[in-house]
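Colleague: Just start-v2.txt, nothing more (compact mmCIF, C-alpha atoms and all ligand atoms):
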# COMPACT_ATOMS: atom_id res chain seq x y z
CA MET A 1 22.61 -12.76 -10.67
CA THR A 2 21.44 -11.15 -7.46
CA THR A 3 18.64 -12.83 -5.55
CA GLU A 4 15.41 -10.86 -5.53
CA ALA A 5 14.03 -9.81 -2.14
CA LEU A 6 10.65 -11.13 -3.27
CA LEU A 7 9.74 -13.09 -6.35
CA ALA A 8 6.11 -14.16 -6.77
CA ARG A 9 5.11 -16.35 -9.67
CA ASP A 10 1.49 -16.88 -10.63
CA VAL A 11 0.22 -16.84 -7.05
CA ARG A 12 -3.34 -18.05 -6.71
CA LYS A 13 -5.61 -18.25 -3.71
CA THR A 14 -9.14 -19.49 -3.50
CA TYR A 15 -10.76 -19.39 -0.10
CA SER A 16 -13.04 -22.39 0.24
CA SER A 17 -15.55 -23.02 2.94
CA ARG A 18 -18.32 -25.53 3.35
CA ARG A 19 -20.83 -22.92 4.35
CA ALA A 20 -20.12 -20.14 1.83
CA PRO A 21 -19.32 -20.00 -1.87
CA SER A 22 -15.58 -20.10 -2.55
CA VAL A 23 -13.79 -16.82 -3.27
CA GLU A 24 -11.00 -16.45 -5.79
CA ALA A 25 -8.92 -13.81 -4.01
CA LEU A 26 -5.79 -14.13 -6.17
CA ALA A 27 -6.01 -15.22 -9.79
CA GLY A 28 -2.34 -15.43 -10.72
CA VAL A 29 -0.22 -12.64 -9.27
CA SER A 30 3.39 -12.34 -10.41
CA LEU A 31 5.58 -9.60 -9.04
CA VAL A 32 9.10 -8.82 -8.01
CA VAL A 33 10.65 -6.61 -5.36
CA HIS A 34 14.33 -5.88 -5.80
CA PRO A 35 16.61 -5.66 -2.77
CA GLY A 36 16.49 -2.22 -1.18
CA GLU A 37 13.34 -1.20 -3.03
CA ARG A 38 10.12 0.32 -1.66
CA VAL A 39 7.16 -1.08 -3.55
CA ALA A 40 3.46 -0.35 -2.99
CA LEU A 41 0.48 -2.55 -3.79
CA LEU A 42 -2.56 -0.46 -4.65
CA GLY A 43 -6.05 -1.75 -5.05
CA ARG A 44 -9.60 -1.24 -3.95
CA ASN A 45 -11.19 -3.09 -1.02
CA GLY A 46 -11.14 -6.81 -1.69
CA ALA A 47 -8.55 -6.60 -4.49
CA GLY A 48 -6.37 -9.24 -2.82
CA LYS A 49 -3.58 -7.18 -1.25
CA THR A 50 -3.79 -8.61 2.25
CA THR A 51 -4.13 -12.13 0.91
CA PHE A 52 -0.94 -11.65 -1.08
CA LEU A 53 0.94 -10.23 1.91
CA LYS A 54 -0.21 -13.11 4.12
CA ILE A 55 1.06 -15.64 1.60
CA ALA A 56 4.36 -13.83 1.09
CA SER A 57 4.87 -13.59 4.85
CA THR A 58 4.23 -17.33 5.39
CA LEU A 59 0.91 -16.87 7.22
CA LEU A 60 -1.18 -18.46 4.50
CA MET A 61 -0.58 -21.17 1.92
CA PRO A 62 -1.36 -20.32 -1.70
CA THR A 63 -3.64 -22.53 -3.77
CA GLY A 64 -1.08 -22.29 -6.57
CA GLY A 65 2.13 -20.55 -7.58
CA THR A 66 5.20 -19.74 -5.51
CA VAL A 67 6.70 -16.90 -3.52
CA GLU A 68 10.41 -16.74 -2.88
CA VAL A 69 11.91 -14.45 -0.26
CA PHE A 70 15.62 -13.96 -0.89
CA GLY A 71 15.56 -17.24 -2.78
CA HIS A 72 13.70 -19.25 -0.11
CA ASP A 73 10.26 -20.62 -0.84
CA ALA A 74 7.75 -19.10 1.62
CA GLY A 75 5.37 -22.04 1.22
CA THR A 76 7.78 -24.95 1.64
CA HIS A 77 10.47 -23.34 3.82
CA PRO A 78 8.68 -20.85 6.07
CA ASP A 79 11.20 -21.31 8.87
CA GLU A 80 13.96 -20.00 6.62
CA VAL A 81 11.87 -17.04 5.53
CA ARG A 82 10.55 -15.88 8.93
CA PRO A 83 13.82 -14.55 10.38
CA MET A 84 14.23 -12.35 7.28
CA ILE A 85 10.84 -10.66 7.45
CA ALA A 86 8.73 -8.54 9.77
CA VAL A 87 5.05 -7.73 9.30
CA VAL A 88 2.62 -4.97 10.23
CA PRO A 89 -0.66 -6.81 9.69
CA GLN A 90 -3.82 -5.03 8.62
CA GLU A 91 -5.73 -4.00 11.74
CA GLY A 92 -3.04 -5.44 14.00
CA LYS A 93 -3.07 -4.18 17.58
CA PRO A 94 -0.29 -4.01 20.16
CA PHE A 95 -0.74 -6.25 23.20
CA PHE A 96 -3.14 -4.37 25.45
CA HIS A 97 -1.38 -5.31 28.67
CA LEU A 98 2.02 -4.10 27.44
CA THR A 99 3.31 -0.56 27.11
CA PRO A 100 4.77 0.48 23.73
CA ARG A 101 8.24 0.27 25.28
CA GLU A 102 7.60 -3.28 26.52
CA GLN A 103 5.96 -4.29 23.26
CA VAL A 104 8.88 -3.24 21.05
CA PHE A 105 11.51 -4.53 23.47
CA THR A 106 9.82 -7.90 23.97
CA TYR A 107 9.44 -8.42 20.26
CA LEU A 108 13.10 -7.67 19.62
CA ARG A 109 14.18 -10.04 22.40
CA ALA A 110 11.96 -12.75 20.93
CA ARG A 111 13.69 -12.24 17.59
CA GLY A 112 17.04 -12.88 19.25
CA TYR A 113 18.51 -9.44 19.93
CA ASP A 114 20.48 -9.19 23.18
CA GLY A 115 19.19 -6.92 25.92
CA ALA A 116 21.41 -3.92 25.23
CA GLU A 117 20.81 -3.96 21.48
CA ALA A 118 17.07 -4.46 21.98
CA LYS A 119 16.98 -1.54 24.40
CA SER A 120 18.74 0.91 22.11
CA ARG A 121 16.69 -0.16 19.09
CA THR A 122 13.51 0.21 21.14
CA GLU A 123 14.30 3.76 22.19
CA ASP A 124 15.29 4.69 18.65
CA ALA A 125 12.08 3.29 17.12
CA LEU A 126 9.85 4.88 19.81
CA GLY A 127 11.55 8.21 19.11
CA GLN A 128 11.09 7.90 15.36
CA MET A 129 7.37 7.20 15.81
CA GLY A 130 6.92 10.04 18.32
CA LEU A 131 5.92 7.63 21.09
CA THR A 132 8.43 8.58 23.75
CA GLU A 133 5.87 10.47 25.85
CA VAL A 134 3.41 7.59 25.94
CA ALA A 135 5.98 4.81 25.98
CA ASN A 136 5.13 3.73 29.54
CA ARG A 137 1.36 3.71 29.20
CA LEU A 138 -0.56 0.50 28.71
CA SER A 139 -1.45 0.12 25.06
CA ILE A 140 -5.12 -0.24 25.98
CA THR A 141 -5.08 3.42 27.06
CA LEU A 142 -3.58 4.70 23.79
CA SER A 143 -5.44 6.37 20.94
CA GLY A 144 -5.97 4.47 17.69
CA GLY A 145 -3.21 6.37 15.91
CA GLN A 146 -0.81 5.82 18.82
CA ARG A 147 -1.50 2.08 18.73
CA GLN A 148 -0.86 1.99 15.01
CA ARG A 149 2.39 3.89 15.53
CA THR A 150 3.36 1.27 18.11
CA MET A 151 2.77 -1.47 15.54
CA VAL A 152 4.99 0.32 13.04
CA ALA A 153 7.67 1.02 15.68
CA THR A 154 7.75 -2.68 16.55
CA VAL A 155 8.48 -3.64 12.99
CA ILE A 156 10.90 -0.88 12.00
CA ALA A 157 12.94 -1.62 15.13
CA THR A 158 13.76 -5.06 13.72
CA GLU A 159 15.42 -3.64 10.61
CA ALA A 160 14.55 -6.99 9.04
CA PRO A 161 15.76 -7.47 5.46
CA LEU A 162 12.18 -7.48 4.14
CA LEU A 163 9.32 -5.59 5.77
CA PHE A 164 5.66 -6.11 4.91
CA LEU A 165 3.35 -3.30 5.96
CA ASP A 166 -0.37 -3.67 5.33
CA GLU A 167 -1.88 -0.17 5.41
CA PRO A 168 0.71 1.00 7.92
CA THR A 169 -0.51 4.59 8.28
CA ILE A 170 -4.23 3.93 8.61
CA GLY A 171 -5.72 6.26 11.21
CA MET A 172 -2.56 8.33 11.60
CA ASP A 173 -2.47 12.11 11.47
CA PRO A 174 -0.48 13.73 8.63
CA PHE A 175 2.58 14.30 10.81
CA ALA A 176 2.69 10.71 11.97
CA ARG A 177 2.29 9.51 8.39
CA ARG A 178 5.26 11.58 7.32
CA ALA A 179 7.30 10.22 10.20
CA VAL A 180 6.54 6.70 8.96
CA TRP A 181 7.57 7.61 5.42
CA GLU A 182 10.83 9.06 6.68
CA SER A 183 11.60 5.99 8.79
CA LEU A 184 10.86 3.67 5.90
CA ARG A 185 13.10 5.66 3.58
CA THR A 186 15.89 5.48 6.14
CA LEU A 187 15.45 1.73 6.43
CA THR A 188 15.81 1.17 2.71
CA ARG A 189 18.86 3.43 2.63
CA ARG A 190 20.35 1.03 5.15
CA GLY A 191 19.54 -1.95 2.97
CA SER A 192 16.08 -3.18 4.00
CA THR A 193 13.39 -3.83 1.41
CA ILE A 194 9.76 -2.75 1.80
CA LEU A 195 6.48 -3.98 0.40
CA LEU A 196 3.47 -2.04 1.62
CA THR A 197 -0.18 -1.63 0.80
CA THR A 198 -2.04 1.63 1.04
CA HIS A 199 -5.25 3.28 -0.05
CA TYR A 200 -3.60 6.68 0.11
CA LEU A 201 -2.38 7.44 -3.38
CA ASP A 202 -0.34 10.39 -2.15
CA GLU A 203 1.44 7.98 0.17
CA ALA A 204 2.13 5.55 -2.65
CA GLU A 205 3.51 8.39 -4.70
CA ALA A 206 5.63 9.90 -1.95
CA LEU A 207 6.99 6.66 -0.63
CA SER A 208 7.17 3.93 -3.22
CA GLN A 209 9.70 3.74 -6.00
CA ARG A 210 7.49 1.38 -7.93
CA LEU A 211 3.92 0.23 -7.59
CA TYR A 212 1.55 -2.48 -8.66
CA ILE A 213 -2.15 -1.89 -9.18
CA ILE A 214 -4.19 -4.95 -8.25
CA GLU A 215 -7.86 -5.50 -9.02
CA ARG A 216 -9.88 -8.68 -8.49
CA GLY A 217 -6.81 -10.74 -7.72
CA ARG A 218 -4.83 -9.71 -10.77
CA VAL A 219 -2.00 -7.27 -11.42
CA LEU A 220 -3.27 -4.71 -13.92
CA VAL A 221 -0.11 -2.62 -14.25
CA ASP A 222 3.18 -1.92 -12.60
CA GLY A 223 5.49 1.03 -12.95
CA THR A 224 6.54 4.23 -11.27
CA ALA A 225 4.01 6.88 -10.32
CA ALA A 226 5.67 9.15 -12.88
CA THR A 227 5.28 6.70 -15.78
CA LEU A 228 1.69 5.90 -14.85
CA LYS A 229 0.88 9.60 -14.86
CA GLN A 230 2.70 10.20 -18.14
CA GLU A 231 0.59 7.53 -19.77
CA LEU A 232 -2.42 9.77 -19.17
CA GLY A 233 -1.04 12.02 -21.93
CA GLY A 234 -1.26 15.42 -20.24
CA SER A 235 -0.12 17.30 -17.17
CA LEU A 236 -3.40 18.95 -16.16
CA ARG A 237 -6.66 17.56 -14.86
CA VAL A 238 -9.81 19.51 -15.51
CA SER A 239 -12.67 18.19 -13.39
CA ILE A 240 -16.20 19.04 -14.45
CA PRO A 241 -19.03 17.97 -12.12
CA ASN A 242 -22.11 16.84 -14.10
CA GLY A 243 -20.02 17.18 -17.25
CA GLU A 244 -21.31 13.98 -18.83
CA ARG A 245 -22.76 15.80 -21.84
CA LEU A 246 -19.31 17.11 -22.73
CA SER A 247 -17.67 13.70 -22.79
CA GLU A 248 -17.62 13.36 -26.60
CA VAL A 249 -16.19 16.79 -27.36
CA ALA A 250 -13.84 16.51 -24.36
CA LYS A 251 -12.06 13.63 -26.08
CA THR A 252 -10.58 16.09 -28.54
CA PHE A 253 -8.72 17.68 -25.60
CA GLY A 254 -7.09 14.50 -24.25
CA SER A 255 -8.03 11.47 -22.13
CA VAL A 256 -11.47 11.51 -20.57
CA LEU A 257 -12.21 9.71 -17.32
CA ASN A 258 -15.57 9.25 -15.68
CA ASP A 259 -15.71 9.18 -11.92
CA GLY A 260 -19.38 8.93 -11.07
CA GLU A 261 -20.89 12.35 -11.69
CA VAL A 262 -17.55 14.00 -12.38
CA LEU A 263 -15.91 14.13 -15.77
CA HIS A 264 -12.12 14.47 -15.67
CA VAL A 265 -10.31 15.65 -18.78
CA ILE A 266 -6.55 15.20 -18.90
CA THR A 267 -5.10 17.85 -21.12
CA THR A 268 -2.18 20.18 -21.73
CA PRO A 269 -1.80 23.79 -20.54
CA GLU A 270 -2.17 25.06 -24.15
CA ARG A 271 -5.66 23.57 -24.52
CA LEU A 272 -6.87 24.70 -21.09
CA PRO A 273 -8.46 28.08 -21.97
CA GLU A 274 -10.48 26.55 -24.80
CA LEU A 275 -11.76 23.74 -22.59
CA MET A 276 -12.71 26.10 -19.78
CA ALA A 277 -14.55 28.37 -22.20
CA LEU A 278 -16.47 25.37 -23.48
CA ALA A 279 -17.53 24.37 -19.96
CA THR A 280 -18.50 27.94 -19.11
CA ARG A 281 -20.74 28.14 -22.19
CA GLU A 282 -22.52 25.04 -20.85
CA HIS A 283 -22.84 26.68 -17.39
CA LEU A 284 -20.61 24.01 -15.86
CA THR A 285 -18.03 24.66 -13.16
CA THR A 286 -14.48 23.38 -13.46
CA THR A 287 -11.56 22.78 -11.15
CA VAL A 288 -8.06 22.49 -12.52
CA GLY A 289 -5.03 20.81 -10.98
CA PRO A 290 -1.97 18.78 -11.84
CA VAL A 291 -2.60 15.13 -12.74
CA THR A 292 -2.15 12.80 -9.80
CA LEU A 293 -2.01 9.09 -9.26
CA GLU A 294 -5.78 9.23 -8.64
CA GLU A 295 -6.36 9.77 -12.36
CA ALA A 296 -3.83 7.07 -13.30
CA PHE A 297 -5.66 4.65 -11.00
CA LEU A 298 -9.01 5.67 -12.45
CA ARG A 299 -7.75 5.04 -15.97
CA VAL A 300 -6.31 1.61 -15.16
CA VAL A 301 -9.06 0.29 -12.90
CA GLY A 302 -12.00 2.23 -14.26
CA ARG A 303 -13.06 3.33 -10.79
CA SER A 304 -11.40 5.44 -8.14
CA ILE A 305 -9.74 3.68 -5.23
CA ASP A 306 -12.20 4.85 -2.59
CA ARG A 307 -15.38 4.36 -4.56
CA GLU A 308 -17.85 1.88 -3.11
CA GLU A 309 -19.42 -0.85 -5.35
N1 LIG B 1 -10.62 -15.85 5.20
C1 LIG B 1 -11.31 -15.55 4.12
N2 LIG B 1 -12.30 -16.36 3.70
C2 LIG B 1 -13.02 -16.09 2.57
N3 LIG B 1 -12.79 -15.02 1.80
C3 LIG B 1 -11.81 -14.18 2.16
C4 LIG B 1 -11.02 -14.39 3.33
N4 LIG B 1 -10.13 -13.39 3.43
C5 LIG B 1 -10.35 -12.57 2.38
N5 LIG B 1 -11.36 -13.05 1.60
C6 LIG B 1 -11.86 -12.47 0.34
O1 LIG B 1 -10.79 -12.41 -0.57
C7 LIG B 1 -10.82 -11.22 -1.34
C8 LIG B 1 -9.52 -10.45 -1.14
O2 LIG B 1 -9.44 -10.01 0.20
P1 LIG B 1 -8.19 -9.23 0.76
O3 LIG B 1 -8.36 -9.09 2.23
O4 LIG B 1 -6.95 -9.88 0.28
O5 LIG B 1 -8.36 -7.81 0.02
P2 LIG B 1 -7.58 -6.42 0.23
O6 LIG B 1 -7.11 -6.02 -1.12
O7 LIG B 1 -6.59 -6.54 1.30
O8 LIG B 1 -8.78 -5.44 0.65
P3 LIG B 1 -8.78 -4.21 1.70
O9 LIG B 1 -8.32 -3.02 0.91
O10 LIG B 1 -10.24 -4.10 2.04
O11 LIG B 1 -7.93 -4.54 2.86
C9 LIG B 1 -12.06 -10.47 -0.87
O12 LIG B 1 -13.10 -10.77 -1.76
C10 LIG B 1 -12.34 -11.04 0.50
O13 LIG B 1 -13.71 -10.98 0.81
MG MG B 2 -6.35 -5.64 3.10
Rewrite the structure from the file as structure tokens, please.
Modeller:
Amino acid sequence: MTTEALLARDVRKTYSSRRAPSVEALAGVSLVVHPGERVALLGRNGAGKTTFLKIASTLLMPTGGTVEVFGHDAGTHPDEVRPMIAVVPQEGKPFFHLTPREQVFTYLRARGYDGAEAKSRTEDALGQMGLTEVANRLSITLSGGQRQRTMVATVIATEAPLLFLDEPTIGMDPFARRAVWESLRTLTRRGSTILLTTHYLDEAEALSQRLYIIERGRVLVDGTAATLKQELGGSLRVSIPNGERLSEVAKTFGSVLNDGEVLHVITTPERLPELMALATREHLTTTVGPVTLEEAFLRVVGRSIDREE
């Protein structure tokens, strides 16, 4: 039996405070990440993703349950787990008084790499994240996206066996995001394992081999993006703004999802003309596209990932 990179069993976390009501952030999360896998946690704001990552990366004790990292218990043996992991925390910032080059290098030295190895890894990671031109500027003078790239460079440079990345591409432009994806794919090809969170469903689809959807501290489903989309039962999404009055008849065309004012009908190419004719008769506009993870998320959670409330 091979040891899993991460094995979480029934992890619970309730934040208690004397001044505020307690919050049940995790209500029994069980999940597994196999060695060499890239897995994404998806969930709306407050779902419990960061709490889970903090527990798995030894920063926070769970109220119940266990997390093992390569067979070592993160709660009881954090010192054995820490050398095997590296973390990009949510809203982490590089040290303001260090340059990206100093930041990455210093971190690698602190993790025990010798000077020459740390230097070559630093240059490689700065290059991958497109930071070479700004590598000697104080981090305080960098743009938000450049700072975030510095955080990611710091962690990918470690090539730790298990990387936790909490919304790693937040604030990055599309090119920088793709550079991160490429670096993370390269890392797993070389044997690292990755657990990340993201609100970008295209990112989850492009990058992760498997994903978990979390809502209110519970895992609702896990699977590949492809299987979650297949479960919708059609390959096309027809979106009809203000299409509420069609929701009954729309069910005869396939799955029907409500996203606020917009009715989405998941259907097959054969049924498309009929459905569009129906909408036109009702003077409703339609847009048609391939089904995406957005619709799978909407079906599982009942609300889209970026919807407030
Ligand atoms: N230190 C804390 N004390 C009390 N409650 C907390 C604390 N940290 C988080 N929470 C609460 O726990 C729940 C889960 O928060 P968490 O940060 O894990 O969510 P998340 O899925 O990472 O959300 P986001 O997408 O906004 O980053 C939320 O209801 C949050 O308000
Ligand atoms: Mg979070």
Colleague: Could you please extract the residues within 7 Å of ligand MG 2 (chain B), counting all atoms listed in the file, and hand them back as a list in words?
Modeller: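 Selection of residues at most 7 Å from ligand MG 2 (chain B): Asn45, Gly46, Gly48, Lys49, Thr50, Gln90 and Asp166 of chain A.
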Colleague: Any chance you could export the current selection's C-alpha atoms as a CSV table (one decimal), in the coordinates of the input?
Modeller:
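Output file result_0.csv follows:
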chain,number,residue,atom,x,y,z
A,45,ASN,CA,-11.2,-3.1,-1.0
A,46,GLY,CA,-11.1,-6.8,-1.7
A,48,GLY,CA,-6.4,-9.2,-2.8
A,49,LYS,CA,-3.6,-7.2,-1.2
A,50,THR,CA,-3.8,-8.6,2.2
A,90,GLN,CA,-3.8,-5.0,8.6
A,166,ASP,CA,-0.4,-3.7,5.3
Colleague: Compile a residue-level contact table for chain A against ligand LIG 1 (chain B) at a cut-off of 10 Å, reporting for every qualifying residue the shortest atom pair and its distance in Å to one decimal, with only C-alpha atoms and all ligand atoms counted, rows ordered by chain and ascending number, as a tab-separated table.
Modeller:
residue	atom	partner	partner_atom	distance
A:Lys13	CA	B:LIG1	O1	8.4
A:Thr14	CA	B:LIG1	N3	7.8
A:Tyr15	CA	B:LIG1	C2	4.8
A:Ser16	CA	B:LIG1	C2	6.7
A:Ser17	CA	B:LIG1	C2	7.4
A:Ala20	CA	B:LIG1	C2	8.2
A:Pro21	CA	B:LIG1	C2	8.6
A:Ser22	CA	B:LIG1	C2	7.0
A:Val23	CA	B:LIG1	N3	5.5
A:Glu24	CA	B:LIG1	O1	6.6
A:Ala25	CA	B:LIG1	O1	4.2
A:Leu26	CA	B:LIG1	C8	7.3
A:Leu41	CA	B:LIG1	O6	8.8
A:Leu42	CA	B:LIG1	O6	8.0
A:Gly43	CA	B:LIG1	O6	5.9
A:Arg44	CA	B:LIG1	O9	5.3
A:Asn45	CA	B:LIG1	O10	3.4
A:Gly46	CA	B:LIG1	O5	3.4
A:Ala47	CA	B:LIG1	O6	3.7
A:Gly48	CA	B:LIG1	O4	3.2
A:Lys49	CA	B:LIG1	O6	3.7
A:Thr50	CA	B:LIG1	O7	3.6
A:Thr51	CA	B:LIG1	O4	3.7
A:Phe52	CA	B:LIG1	O4	6.4
A:Leu53	CA	B:LIG1	O4	8.1
A:Lys54	CA	B:LIG1	O4	8.4
A:Ile55	CA	B:LIG1	O4	10.0
A:Leu60	CA	B:LIG1	N1	9.8
A:Gln90	CA	B:LIG1	O11	7.1
A:Glu91	CA	B:LIG1	O11	9.2
A:Asp166	CA	B:LIG1	O7	7.9
A:Glu167	CA	B:LIG1	O11	7.9
A:Thr197	CA	B:LIG1	O7	8.1
A:Thr198	CA	B:LIG1	O9	7.8
A:His199	CA	B:LIG1	O9	7.1
A:Ile214	CA	B:LIG1	O6	7.8
A:Glu215	CA	B:LIG1	O6	8.0
A:Arg216	CA	B:LIG1	C8	7.6
A:Gly217	CA	B:LIG1	C8	7.1
A:Ile305	CA	B:LIG1	O9	9.2
A:Asp306	CA	B:LIG1	O9	9.4
Colleague: If we count only C-alpha atoms and set the cut-off at 10 Å, which residues sit around Met129 in chain A, ignoring sequence neighbours fewer than 3 positions away in its own chain? Please answer as a PDB file with C-alpha atoms, in the frame of the given file.
Modeller:
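What follows is the written file selection_12.pdb:
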ATOM      1  CA  ASP A 124      15.290   4.690  18.650  1.00  0.00           C
ATOM      2  CA  ALA A 125      12.080   3.290  17.120  1.00  0.00           C
ATOM      3  CA  LEU A 126       9.850   4.880  19.810  1.00  0.00           C
ATOM      4  CA  THR A 132       8.430   8.580  23.750  1.00  0.00           C
ATOM      5  CA  GLN A 146      -0.810   5.820  18.820  1.00  0.00           C
ATOM      6  CA  GLN A 148      -0.860   1.990  15.010  1.00  0.00           C
ATOM      7  CA  ARG A 149       2.390   3.890  15.530  1.00  0.00           C
ATOM      8  CA  THR A 150       3.360   1.270  18.110  1.00  0.00           C
ATOM      9  CA  MET A 151       2.770  -1.470  15.540  1.00  0.00           C
ATOM     10  CA  VAL A 152       4.990   0.320  13.040  1.00  0.00           C
ATOM     11  CA  ALA A 153       7.670   1.020  15.680  1.00  0.00           C
ATOM     12  CA  THR A 154       7.750  -2.680  16.550  1.00  0.00           C
ATOM     13  CA  ILE A 156      10.900  -0.880  12.000  1.00  0.00           C
ATOM     14  CA  PHE A 175       2.580  14.300  10.810  1.00  0.00           C
ATOM     15  CA  ALA A 176       2.690  10.710  11.970  1.00  0.00           C
ATOM     16  CA  ARG A 177       2.290   9.510   8.390  1.00  0.00           C
ATOM     17  CA  ARG A 178       5.260  11.580   7.320  1.00  0.00           C
ATOM     18  CA  ALA A 179       7.300  10.220  10.200  1.00  0.00           C
ATOM     19  CA  VAL A 180       6.540   6.700   8.960  1.00  0.00           C
ATOM     20  CA  GLU A 182      10.830   9.060   6.680  1.00  0.00           C
ATOM     21  CA  SER A 183      11.600   5.990   8.790  1.00  0.00           C
TER      22      SER A 183
END
Colleague: Taking only C-alpha atoms into account, which of A:Gly243, A:Gly254, A:Gly191, A:Pro273 comes nearest Gly36 in chain A?
Modeller: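 Counting only C-alpha atoms, the residue closest to Gly36 in chain A is A:Gly191.
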Colleague: Of the candidates A:Ser208, A:Ser139, A:Leu298, A:Val88, which shows the shortest atom-to-atom distance to Pro168 in chain A, using all atoms listed in the file?
Modeller: A:Val88
Colleague: Using Å and a single decimal, report how far CA of His264 in chain A sits from CA of Gly171 in chain A.
Modeller: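 Distance between the two atoms: 28.8 Å.
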Colleague: Work out how far CA of Glu205 in chain A is from CA of Val81 in chain A, in Å to one decimal.
Modeller: 28.7 Å
Colleague: Determine, counting all atoms listed in the file, every residue of protein, DNA or RNA that lies within 9 Å of (-16.4, 19.9, -9.0) in the file coordinates, then give the result as a PyMOL selection string.
Modeller: chain A and resi 239-242+262-263+285-287
Colleague: Please provide as JSON, numbers by chain all residues within 10 Å of Thr3 in chain A, with the sequence filter that same-chain residues fewer than 6 positions apart are discarded (counting all atoms listed in the file).
Modeller: {"A": [34, 35, 68, 69, 70, 71, 72]}
Colleague: Could you please take those selected residues and save C-alpha atoms as a PDB file, in the coordinates of the input?
Modeller:
ATOM      1  CA  HIS A  34      14.330  -5.880  -5.800  1.00  0.00           C
ATOM      2  CA  PRO A  35      16.610  -5.660  -2.770  1.00  0.00           C
ATOM      3  CA  GLU A  68      10.410 -16.740  -2.880  1.00  0.00           C
ATOM      4  CA  VAL A  69      11.910 -14.450  -0.260  1.00  0.00           C
ATOM      5  CA  PHE A  70      15.620 -13.960  -0.890  1.00  0.00           C
ATOM      6  CA  GLY A  71      15.560 -17.240  -2.780  1.00  0.00           C
ATOM      7  CA  HIS A  72      13.700 -19.250  -0.110  1.00  0.00           C
TER       8      HIS A  72
END
Colleague: Could you tell me how far CA of Thr227 in chain A lies from CA of Leu272 in chain A, in Å and to one decimal?
Modeller: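 Interatomic distance here is 22.4 Å.
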Colleague: Of the candidates A:Tyr107, A:Tyr113, A:Tyr200, A:Tyr212, which shows the shortest atom-to-atom distance to Val33 in chain A, using all atoms listed in the file?
Modeller: A:Tyr212
Colleague: With a distance cut-off of 6 Å and only C-alpha atoms, select the neighbouring residues of Leu196 in chain A, excluding the residue or stretch itself and same-chain residues fewer than 3 positions from it, and output the selection as number ranges by chain.
Modeller: A: 40, 164-166
Colleague: Can you spit out the residues from that selection as a PDB file, keeping the file's coordinate frame, using C-alpha atoms?
Modeller:
ATOM      1  CA  ALA A  40       3.460  -0.350  -2.990  1.00  0.00           C
ATOM      2  CA  PHE A 164       5.660  -6.110   4.910  1.00  0.00           C
ATOM      3  CA  LEU A 165       3.350  -3.300   5.960  1.00  0.00           C
ATOM      4  CA  ASP A 166      -0.370  -3.670   5.330  1.00  0.00           C
TER       5      ASP A 166
END
Colleague: If we count only C-alpha atoms and set the cut-off at 6 Å, which residues sit around Ser192 in chain A, ignoring sequence neighbours fewer than 5 positions away in its own chain? Please answer as a VMD selection string.
Modeller: chain A and resid 36 161 to 162 187
Colleague: Residues at most 9 Å from range 222-225 of chain A, counting all atoms listed in the file, excluding those fewer than 4 positions away in the same chain, as a VMD selection string?
Modeller: chain A and resid 31 204 to 205 208 to 213 229 to 230 292 to 293 296
Colleague: Counting all atoms listed in the file, which of A:Ile140, A:Ile85, A:Val39, A:Ala27 gets nearest to Leu207 in chain A?
Modeller: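 Result for the nearest residue to Leu207 in chain A: A:Val39.
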Colleague: Find the axis-aligned box for range 74-86 of chain A, covering all its listed atoms and adding 8 Å on each side, and write its centre and edge lengths in Å to one decimal as JSON.
Modeller:
{"center_x": 9.8, "center_y": -16.7, "center_z": 5.8, "size_x": 24.9, "size_y": 32.4, "size_z": 25.2}
Colleague: Have a look at A:Ile266, A:Leu59, A:Val256, A:Ala74 and name the one nearest to Ser235 in chain A; count all atoms listed in the file.
Modeller: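 Of all the options, A:Ile266 lies closest to Ser235 in chain A.
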Colleague: A:Ala86, A:Val219, A:Leu257, A:Val104: which is nearest Glu117 in chain A, counting only C-alpha atoms?
Modeller: A:Val104
